[in-house]
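The block underneath contains the structure these notes are about, expressed in structure tokens.
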Amino acid sequence: MPGKPIHIKGMPYVPGVAHGVLQYKLDSVTPQSVLVISQNDIPSITTLPAGFIVIDGAPLSHTMIKLLGHGIPTVIINEQALVDLNDGIALSIDGVSGIITNDPAEVVSPVSITAPTTPGKAINTADGQPVYLRATVQSFAGAKKAMAVGVESIGLVRSEFFLPEDGSVPDAQYYQKVFTELCETVKPLTVTIRLLDVAPDKMLKGLLPDEVVGGTLGQQGPRLYATEPVRSMLDAQLEAINALTEQYDIRVLIPYLVNRDELDYWTRYINKALTKPVPVGAMVETPAGALDLQNWLGITDFVSIGCNDLMQCLFAADRDRPELRQYLDPYAPLLYRFLKPIAPTTTQQSMNIQICGVLSQLPGVLPILLGLGYRTFSVVPALVPYLAQTIQSIRISEVEQLAEQVCNARETQQVLELLSLTFFSIDKGGQSKKTTATA
């Protein structure tokens, strides 16, 4: 192995192994490149490399979620780790272990990449407990990938990403066309369409002024449903869904709700707009909604816990800002103590309480959530095979014990040791440091 030995342990983000030539320039990327980027570079990527190394990325940010959706092996490192990473060297990365090395023998990922089952079926744990892997999609390509990897259903369609190419306000005819194509692509699976969810990170370019939405905790989701053109788009979505309910198995999901009165109002609004009853669900994305979840189940047919925004509210930090990522700690025991009392307690609840967002897809987290009692997850299609393999290797009694240990832990370091994870973290002063755990 020529050259200076390189062995860097970053934070694994997207599983899989990649081998290629280290590249820093976006304009000369090839499928044989291992591309080093910052979070701000992600929207400019036009050619996909073999693998990504992201400098100081915020794992829960919307731009990083876009990267997650590509399904390409990705490792997050801090800037100090770049010292030995010179442009043009041959490099291998492992998105399961977080290893970056110039010795290919160090990165033999144990994870299968085959589809786990036929679409529409649950994945069973090693002791026979069913777990439902659903897909979060925002494109037709994502829907096709979901079918290819064998998801149980479509758990969340991010409808705000479907917009006419000419920049016009989408009408009922437009939404009927795109929703029909989505449903046909995954037929006969159930499709859950989340109604328009405009937020600071998901602006309607040219259709809504930035100042109307405001900051992270400003006007978003249903708070904008009385504002044009959002109201017209909402009504157009409901009209389109109404036209398709006879032909397809569709559910409707309301985003970013906070209280029971708000939930009740929009549930009645939706039911009035639809001539055929369809299941209506609510996104639980704030601590207020989470603490009242059991009462919500008396109004709504199902709930979807949006962990990205929930963590953002819980930890009071903007998830899109890399300099704040130390606060949005996915391994903080406090987070699991918060999620424990709202976990499903019956078989019916296990299907009607769905976990969404990046959290369940991060290394080591899915077993904790299974141990707490969660059984239904909506994830990016590219990660379904890896998560399915994890599920198939798990015994519920063992992960219940793990979840209890995690909840009883005092600090993140103890959780990482329980999960046998080792990667860099950020201390309270904002400085990078290496976090070690038992191998």
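Naming scheme: A, B, ... for chains in displayed order of the structure tokens; residues 1 onward per chain; ligands 1 onward as shown.
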
Taking 3 positions as the minimum chain separation for residues in the same chain, which residues sit within 10 Å of Trp266 in chain A when counting only C-alpha atoms? Answer as a VMD selection string. chain A and resid 222 225 254 257 261 to 263 269 to 272 280 282

Which residues of range 94-168 of chain A sit at most 8 Å from range 9-31 of chain A, using only C-alpha atoms? Give each one's shortest atom pair and distance in Å (one decimal place), in chain and ascending residue order, as JSON lines.
{"residue": "A:Asp94", "atom": "CA", "partner": "A:Val17", "partner_atom": "CA", "distance": 4.6}
{"residue": "A:Gly95", "atom": "CA", "partner": "A:Pro15", "partner_atom": "CA", "distance": 4.0}
{"residue": "A:Val96", "atom": "CA", "partner": "A:Pro15", "partner_atom": "CA", "distance": 4.6}
{"residue": "A:Ser97", "atom": "CA", "partner": "A:Pro12", "partner_atom": "CA", "distance": 6.0}
{"residue": "A:Gly98", "atom": "CA", "partner": "A:Pro12", "partner_atom": "CA", "distance": 4.2}
{"residue": "A:Ile99", "atom": "CA", "partner": "A:Lys9", "partner_atom": "CA", "distance": 4.7}
{"residue": "A:Ile100", "atom": "CA", "partner": "A:Lys9", "partner_atom": "CA", "distance": 6.3}
{"residue": "A:Pro104", "atom": "CA", "partner": "A:His19", "partner_atom": "CA", "distance": 7.5}
{"residue": "A:Val107", "atom": "CA", "partner": "A:Val17", "partner_atom": "CA", "distance": 6.7}
{"residue": "A:Val108", "atom": "CA", "partner": "A:Val17", "partner_atom": "CA", "distance": 7.3}
{"residue": "A:Ser109", "atom": "CA", "partner": "A:Val17", "partner_atom": "CA", "distance": 6.3}
{"residue": "A:Val111", "atom": "CA", "partner": "A:Gly16", "partner_atom": "CA", "distance": 7.3}

I need the residues of range 109-307 of chain A that end up classed as strand (DSSP E) by DSSP on the backbone, written out as a PyMOL selection string. chain A and resi 123-124+130-137+154-158+191-194+250-257+280-284+302-306

DSSP alpha helix (DSSP H) residues within range 37-176 of chain A, listed as a list in words: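 Assigned to alpha helix (DSSP H), within range 37-176 of chain A: His62, Thr63, Met64, Ile65, Lys66, Leu67, Leu68, Gly69, His70, Phe140, Ala141, Gly142, Ala143, Lys144, Lys145, Ala146, Met147, Ala148, Val149, Ala172, Gln173, Tyr174, Tyr175 and Gln176 of chain A.
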
Just C-alpha atoms for this one: save the residues we selected as a compact mmCIF listing (two decimals), in the first residue's frame.
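Final output, part_10.txt:
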# COMPACT_ATOMS: atom_id res chain seq x y z
CA HIS A 62 -32.77 19.37 4.86
CA THR A 63 -29.76 19.48 2.56
CA MET A 64 -28.21 16.43 4.24
CA ILE A 65 -31.54 14.61 3.93
CA LYS A 66 -31.32 15.19 0.18
CA LEU A 67 -27.91 13.52 0.25
CA LEU A 68 -29.31 10.65 2.31
CA GLY A 69 -31.90 10.05 -0.38
CA HIS A 70 -29.24 9.32 -3.00
CA PHE A 140 -41.41 9.51 -9.06
CA ALA A 141 -37.89 8.08 -8.98
CA GLY A 142 -38.20 7.67 -5.22
CA ALA A 143 -41.51 5.84 -5.65
CA LYS A 144 -39.95 3.43 -8.16
CA LYS A 145 -37.04 2.79 -5.80
CA ALA A 146 -39.50 2.12 -2.97
CA MET A 147 -41.14 -0.65 -4.98
CA ALA A 148 -37.78 -2.09 -5.98
CA VAL A 149 -36.62 -2.49 -2.37
CA ALA A 172 -56.30 20.29 -9.10
CA GLN A 173 -55.59 18.99 -12.59
CA TYR A 174 -51.85 19.13 -11.98
CA TYR A 175 -52.08 17.38 -8.62
CA GLN A 176 -54.43 14.72 -9.99

Asp301 in chain A surroundings by only C-alpha atoms, 12 Å radius, close-in-sequence under 2 positions cut, as a list of chain:residue names: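 Neighbouring residues, sequence-local ones excluded: A:Arg251, A:Val252, A:Leu253, A:Ile254, A:Leu263, A:Asp264, A:Thr267, A:Pro277, A:Val278, A:Pro279, A:Val280, A:Gly281, A:Ala282, A:Met283, A:Leu293, A:Gln294, A:Asn295, A:Trp296, A:Leu297, A:Gly298, A:Ile299, A:Val303, A:Ser304, A:Gln348, A:Gln349, A:Met351, A:Asn352, A:Ile353, A:Gln354.
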
Would you save the residues from that selection as a PDB file, in the first residue's frame, using N, CA and C atoms?
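Contents of selection.pdb, as written:
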ATOM      1  N   ARG A 251     -54.165   7.755   2.020  1.00  0.00           N
ATOM      2  CA  ARG A 251     -54.347   8.374   3.328  1.00  0.00           C
ATOM      3  C   ARG A 251     -53.847   9.814   3.238  1.00  0.00           C
ATOM      4  N   VAL A 252     -54.354  10.665   4.104  1.00  0.00           N
ATOM      5  CA  VAL A 252     -53.982  12.089   4.117  1.00  0.00           C
ATOM      6  C   VAL A 252     -53.312  12.406   5.452  1.00  0.00           C
ATOM      7  N   LEU A 253     -52.230  13.177   5.376  1.00  0.00           N
ATOM      8  CA  LEU A 253     -51.466  13.522   6.576  1.00  0.00           C
ATOM      9  C   LEU A 253     -51.348  15.037   6.686  1.00  0.00           C
ATOM     10  N   ILE A 254     -51.680  15.583   7.855  1.00  0.00           N
ATOM     11  CA  ILE A 254     -51.610  17.023   8.104  1.00  0.00           C
ATOM     12  C   ILE A 254     -50.274  17.334   8.797  1.00  0.00           C
ATOM     13  N   LEU A 263     -55.872  20.420  15.279  1.00  0.00           N
ATOM     14  CA  LEU A 263     -56.080  19.104  14.679  1.00  0.00           C
ATOM     15  C   LEU A 263     -57.544  18.877  14.353  1.00  0.00           C
ATOM     16  N   ASP A 264     -58.404  19.198  15.278  1.00  0.00           N
ATOM     17  CA  ASP A 264     -59.838  19.005  15.077  1.00  0.00           C
ATOM     18  C   ASP A 264     -60.348  19.845  13.910  1.00  0.00           C
ATOM     19  N   THR A 267     -58.941  18.456  10.514  1.00  0.00           N
ATOM     20  CA  THR A 267     -59.525  17.145  10.224  1.00  0.00           C
ATOM     21  C   THR A 267     -60.934  17.306   9.671  1.00  0.00           C
ATOM     22  N   PRO A 277     -64.870   8.871   2.737  1.00  0.00           N
ATOM     23  CA  PRO A 277     -63.987   8.939   3.915  1.00  0.00           C
ATOM     24  C   PRO A 277     -62.640   8.274   3.638  1.00  0.00           C
ATOM     25  N   VAL A 278     -61.560   8.942   4.005  1.00  0.00           N
ATOM     26  CA  VAL A 278     -60.231   8.359   3.935  1.00  0.00           C
ATOM     27  C   VAL A 278     -59.563   8.563   5.292  1.00  0.00           C
ATOM     28  N   PRO A 279     -58.619   7.711   5.659  1.00  0.00           N
ATOM     29  CA  PRO A 279     -57.903   7.914   6.922  1.00  0.00           C
ATOM     30  C   PRO A 279     -57.149   9.246   6.909  1.00  0.00           C
ATOM     31  N   VAL A 280     -57.306  10.003   7.980  1.00  0.00           N
ATOM     32  CA  VAL A 280     -56.626  11.294   8.113  1.00  0.00           C
ATOM     33  C   VAL A 280     -55.696  11.216   9.316  1.00  0.00           C
ATOM     34  N   GLY A 281     -54.432  11.568   9.092  1.00  0.00           N
ATOM     35  CA  GLY A 281     -53.447  11.501  10.153  1.00  0.00           C
ATOM     36  C   GLY A 281     -52.844  12.851  10.472  1.00  0.00           C
ATOM     37  N   ALA A 282     -52.067  12.901  11.551  1.00  0.00           N
ATOM     38  CA  ALA A 282     -51.451  14.144  12.008  1.00  0.00           C
ATOM     39  C   ALA A 282     -49.958  13.946  12.213  1.00  0.00           C
ATOM     40  N   MET A 283     -49.186  14.950  11.789  1.00  0.00           N
ATOM     41  CA  MET A 283     -47.761  14.952  12.086  1.00  0.00           C
ATOM     42  C   MET A 283     -47.542  15.485  13.499  1.00  0.00           C
ATOM     43  N   LEU A 293     -50.157  13.237  22.443  1.00  0.00           N
ATOM     44  CA  LEU A 293     -50.362  12.267  21.363  1.00  0.00           C
ATOM     45  C   LEU A 293     -51.527  11.326  21.614  1.00  0.00           C
ATOM     46  N   GLN A 294     -51.644  10.792  22.816  1.00  0.00           N
ATOM     47  CA  GLN A 294     -52.715   9.839  23.091  1.00  0.00           C
ATOM     48  C   GLN A 294     -54.092  10.462  22.912  1.00  0.00           C
ATOM     49  N   ASN A 295     -54.236  11.737  23.249  1.00  0.00           N
ATOM     50  CA  ASN A 295     -55.504  12.427  23.028  1.00  0.00           C
ATOM     51  C   ASN A 295     -55.762  12.660  21.544  1.00  0.00           C
ATOM     52  N   TRP A 296     -54.694  12.891  20.786  1.00  0.00           N
ATOM     53  CA  TRP A 296     -54.846  13.078  19.343  1.00  0.00           C
ATOM     54  C   TRP A 296     -55.404  11.826  18.671  1.00  0.00           C
ATOM     55  N   LEU A 297     -55.010  10.669  19.173  1.00  0.00           N
ATOM     56  CA  LEU A 297     -55.473   9.417  18.572  1.00  0.00           C
ATOM     57  C   LEU A 297     -56.983   9.243  18.703  1.00  0.00           C
ATOM     58  N   GLY A 298     -57.623  10.049  19.557  1.00  0.00           N
ATOM     59  CA  GLY A 298     -59.076  10.016  19.651  1.00  0.00           C
ATOM     60  C   GLY A 298     -59.754  10.789  18.533  1.00  0.00           C
ATOM     61  N   ILE A 299     -58.992  11.644  17.843  1.00  0.00           N
ATOM     62  CA  ILE A 299     -59.528  12.458  16.752  1.00  0.00           C
ATOM     63  C   ILE A 299     -59.071  11.928  15.396  1.00  0.00           C
ATOM     64  N   VAL A 303     -50.949   8.774  13.569  1.00  0.00           N
ATOM     65  CA  VAL A 303     -50.017   9.884  13.739  1.00  0.00           C
ATOM     66  C   VAL A 303     -48.653   9.497  13.191  1.00  0.00           C
ATOM     67  N   SER A 304     -47.933  10.494  12.780  1.00  0.00           N
ATOM     68  CA  SER A 304     -46.578  10.292  12.288  1.00  0.00           C
ATOM     69  C   SER A 304     -45.659  11.234  13.056  1.00  0.00           C
ATOM     70  N   GLN A 348     -52.382  -2.456  17.628  1.00  0.00           N
ATOM     71  CA  GLN A 348     -52.992  -1.492  16.728  1.00  0.00           C
ATOM     72  C   GLN A 348     -52.214  -0.190  16.717  1.00  0.00           C
ATOM     73  N   GLN A 349     -51.802   0.271  17.889  1.00  0.00           N
ATOM     74  CA  GLN A 349     -51.017   1.499  17.952  1.00  0.00           C
ATOM     75  C   GLN A 349     -49.677   1.348  17.237  1.00  0.00           C
ATOM     76  N   MET A 351     -49.029   0.093  14.486  1.00  0.00           N
ATOM     77  CA  MET A 351     -49.176   0.416  13.074  1.00  0.00           C
ATOM     78  C   MET A 351     -49.654   1.850  12.863  1.00  0.00           C
ATOM     79  N   ASN A 352     -50.286   2.422  13.875  1.00  0.00           N
ATOM     80  CA  ASN A 352     -50.870   3.759  13.736  1.00  0.00           C
ATOM     81  C   ASN A 352     -49.986   4.872  14.293  1.00  0.00           C
ATOM     82  N   ILE A 353     -48.845   4.515  14.888  1.00  0.00           N
ATOM     83  CA  ILE A 353     -47.864   5.509  15.320  1.00  0.00           C
ATOM     84  C   ILE A 353     -46.590   5.250  14.531  1.00  0.00           C
ATOM     85  N   GLN A 354     -46.315   6.135  13.603  1.00  0.00           N
ATOM     86  CA  GLN A 354     -45.212   5.966  12.657  1.00  0.00           C
ATOM     87  C   GLN A 354     -44.088   6.954  12.982  1.00  0.00           C
TER      88      GLN A 354
END

Considering only C-alpha atoms, return as an mmCIF file with N, CA and C atoms, in the first residue's frame whatever protein or nucleic-acid residues lie within 12 Å of Ala409 in chain A, sequence-local ones (same chain, fewer than 4 positions apart) excluded.
data_model
loop_
_atom_site.group_PDB
_atom_site.id
_atom_site.type_symbol
_atom_site.label_atom_id
_atom_site.label_comp_id
_atom_site.auth_asym_id
_atom_site.auth_seq_id
_atom_site.Cartn_x
_atom_site.Cartn_y
_atom_site.Cartn_z
ATOM 1 N N TYR A 331 -27.941 10.827 19.855
ATOM 2 C CA TYR A 331 -27.578 9.793 20.834
ATOM 3 C C TYR A 331 -27.734 10.291 22.277
ATOM 4 N N ALA A 332 -28.381 11.420 22.447
ATOM 5 C CA ALA A 332 -28.623 11.950 23.793
ATOM 6 C C ALA A 332 -29.656 11.083 24.514
ATOM 7 N N PRO A 333 -29.349 10.556 25.691
ATOM 8 C CA PRO A 333 -30.334 9.717 26.409
ATOM 9 C C PRO A 333 -31.633 10.461 26.699
ATOM 10 N N LEU A 334 -31.554 11.786 26.871
ATOM 11 C CA LEU A 334 -32.753 12.584 27.096
ATOM 12 C C LEU A 334 -33.770 12.390 25.974
ATOM 13 N N LEU A 335 -33.313 12.295 24.734
ATOM 14 C CA LEU A 335 -34.208 12.124 23.586
ATOM 15 C C LEU A 335 -35.026 10.852 23.718
ATOM 16 N N TYR A 336 -34.413 9.785 24.152
ATOM 17 C CA TYR A 336 -35.119 8.493 24.253
ATOM 18 C C TYR A 336 -36.009 8.438 25.492
ATOM 19 N N ARG A 337 -35.616 9.155 26.529
ATOM 20 C CA ARG A 337 -36.522 9.275 27.673
ATOM 21 C C ARG A 337 -37.779 10.046 27.277
ATOM 22 N N LEU A 402 -31.654 -3.010 25.869
ATOM 23 C CA LEU A 402 -30.801 -1.934 25.371
ATOM 24 C C LEU A 402 -31.481 -0.576 25.543
ATOM 25 N N ALA A 403 -32.758 -0.495 25.160
ATOM 26 C CA ALA A 403 -33.487 0.770 25.275
ATOM 27 C C ALA A 403 -33.560 1.238 26.718
ATOM 28 N N GLU A 404 -33.742 0.310 27.635
ATOM 29 C CA GLU A 404 -33.787 0.664 29.054
ATOM 30 C C GLU A 404 -32.440 1.212 29.507
ATOM 31 N N GLN A 405 -31.360 0.601 29.048
ATOM 32 C CA GLN A 405 -30.029 1.082 29.402
ATOM 33 C C GLN A 405 -29.773 2.471 28.818
ATOM 34 N N GLN A 413 -21.939 9.794 25.722
ATOM 35 C CA GLN A 413 -20.820 8.861 25.672
ATOM 36 C C GLN A 413 -21.236 7.456 26.108
ATOM 37 N N GLN A 414 -22.065 7.357 27.124
ATOM 38 C CA GLN A 414 -22.520 6.042 27.590
ATOM 39 C C GLN A 414 -23.384 5.351 26.543
ATOM 40 N N VAL A 415 -24.203 6.136 25.833
ATOM 41 C CA VAL A 415 -25.040 5.563 24.774
ATOM 42 C C VAL A 415 -24.169 5.040 23.637
ATOM 43 N N LEU A 416 -23.172 5.810 23.244
ATOM 44 C CA LEU A 416 -22.273 5.374 22.184
ATOM 45 C C LEU A 416 -21.539 4.101 22.564
ATOM 46 N N GLU A 417 -21.173 3.967 23.824
ATOM 47 C CA GLU A 417 -20.515 2.740 24.274
ATOM 48 C C GLU A 417 -21.468 1.554 24.208
ATOM 49 N N LEU A 418 -22.735 1.769 24.567
ATOM 50 C CA LEU A 418 -23.731 0.701 24.474
ATOM 51 C C LEU A 418 -23.928 0.253 23.030
#

Residue neighbourhood Leu366 in chain A, 10 Å, only C-alpha atoms, exclusion window fewer than 4 positions, as a PDB file with C-alpha atoms, in the first residue's frame:
ATOM      1  CA  LEU A 359     -33.332   9.533  13.416  1.00  0.00           C
ATOM      2  CA  SER A 360     -34.270   5.889  12.801  1.00  0.00           C
ATOM      3  CA  GLN A 361     -31.861   5.747   9.850  1.00  0.00           C
ATOM      4  CA  LEU A 362     -28.744   6.773  11.788  1.00  0.00           C
ATOM      5  CA  LEU A 370     -37.629  -1.022  18.490  1.00  0.00           C
ATOM      6  CA  GLY A 371     -36.754  -1.587  22.131  1.00  0.00           C
ATOM      7  CA  LEU A 372     -38.975   1.345  23.130  1.00  0.00           C
ATOM      8  CA  TYR A 374     -41.967   1.486  17.893  1.00  0.00           C
ATOM      9  CA  ARG A 375     -42.701  -0.832  14.964  1.00  0.00           C
ATOM     10  CA  PHE A 377     -40.969   3.652  10.227  1.00  0.00           C
ATOM     11  CA  LEU A 387     -32.571  -1.361   7.935  1.00  0.00           C
ATOM     12  CA  THR A 390     -30.847  -4.888  11.054  1.00  0.00           C
ATOM     13  CA  ILE A 391     -34.447  -5.801  11.892  1.00  0.00           C
ATOM     14  CA  VAL A 399     -33.322  -4.456  22.366  1.00  0.00           C
TER      15      VAL A 399
END

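Rounded to one decimal, CA of Gly306 in chain A and CA of Leu339 in chain A lie 11.7 Å from each other.
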
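The closest residue to Arg194 in chain A, picked from A:Gly167, A:Pro73, A:Pro255, A:Gly150 and counting only C-alpha atoms, is A:Pro255.
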
Write out as a short mmCIF file (atom, residue, chain, number, x, y, z; two decimals) with C-alpha atoms, in the first residue's frame each polymer residue whose atoms come within 10 Å of Arg325 in chain A, counting only C-alpha atoms; drop sequence neighbours fewer than 5 positions from it.
data_model
loop_
_atom_site.label_atom_id
_atom_site.label_comp_id
_atom_site.auth_asym_id
_atom_site.auth_seq_id
_atom_site.Cartn_x
_atom_site.Cartn_y
_atom_site.Cartn_z
CA ASP A 56 -19.01 19.37 9.43
CA GLY A 57 -22.43 18.37 8.11
CA ALA A 58 -25.58 18.71 10.21
CA PRO A 59 -27.15 15.21 9.99
CA LEU A 60 -30.77 16.39 10.41
CA SER A 61 -30.59 19.29 7.95
CA GLN A 312 -35.31 20.91 16.54
CA ALA A 317 -31.61 24.58 17.64
CA ASP A 318 -32.08 25.14 13.91
CA ARG A 319 -31.36 21.78 12.31
CA ASP A 320 -30.12 23.38 9.07
CA PRO A 330 -29.32 11.82 18.12
CA SER A 425 -18.45 14.71 18.21
CA ILE A 426 -18.66 18.35 19.23
CA GLY A 430 -18.18 24.05 19.74
#

Shell of 10 Å around Arg158 in chain A, only C-alpha atoms, local chain residues under 4 positions omitted, as a PyMOL selection string: chain A and resi 136-139+162+192-197

Selection file, C-alpha atoms, as a short mmCIF file (atom, residue, chain, number, x, y, z; two decimals), in the first residue's frame:
data_model
loop_
_atom_site.label_atom_id
_atom_site.label_comp_id
_atom_site.auth_asym_id
_atom_site.auth_seq_id
_atom_site.Cartn_x
_atom_site.Cartn_y
_atom_site.Cartn_z
CA THR A 136 -40.74 8.64 2.38
CA VAL A 137 -40.71 9.94 -1.21
CA GLN A 138 -40.64 13.30 -2.98
CA SER A 139 -40.30 12.18 -6.60
CA PHE A 162 -44.24 18.53 -6.69
CA THR A 192 -49.97 8.54 2.50
CA ILE A 193 -49.97 12.04 1.02
CA ARG A 194 -48.78 14.74 3.39
CA LEU A 195 -50.61 17.94 2.56
CA LEU A 196 -48.64 21.02 1.55
CA ASP A 197 -45.92 21.72 4.13
#

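Considering the residues A:Pro287, A:Pro344, A:Pro363, A:Gly218 and counting only C-alpha atoms, Thr376 in chain A has its shortest atom-to-atom contact with A:Pro344.
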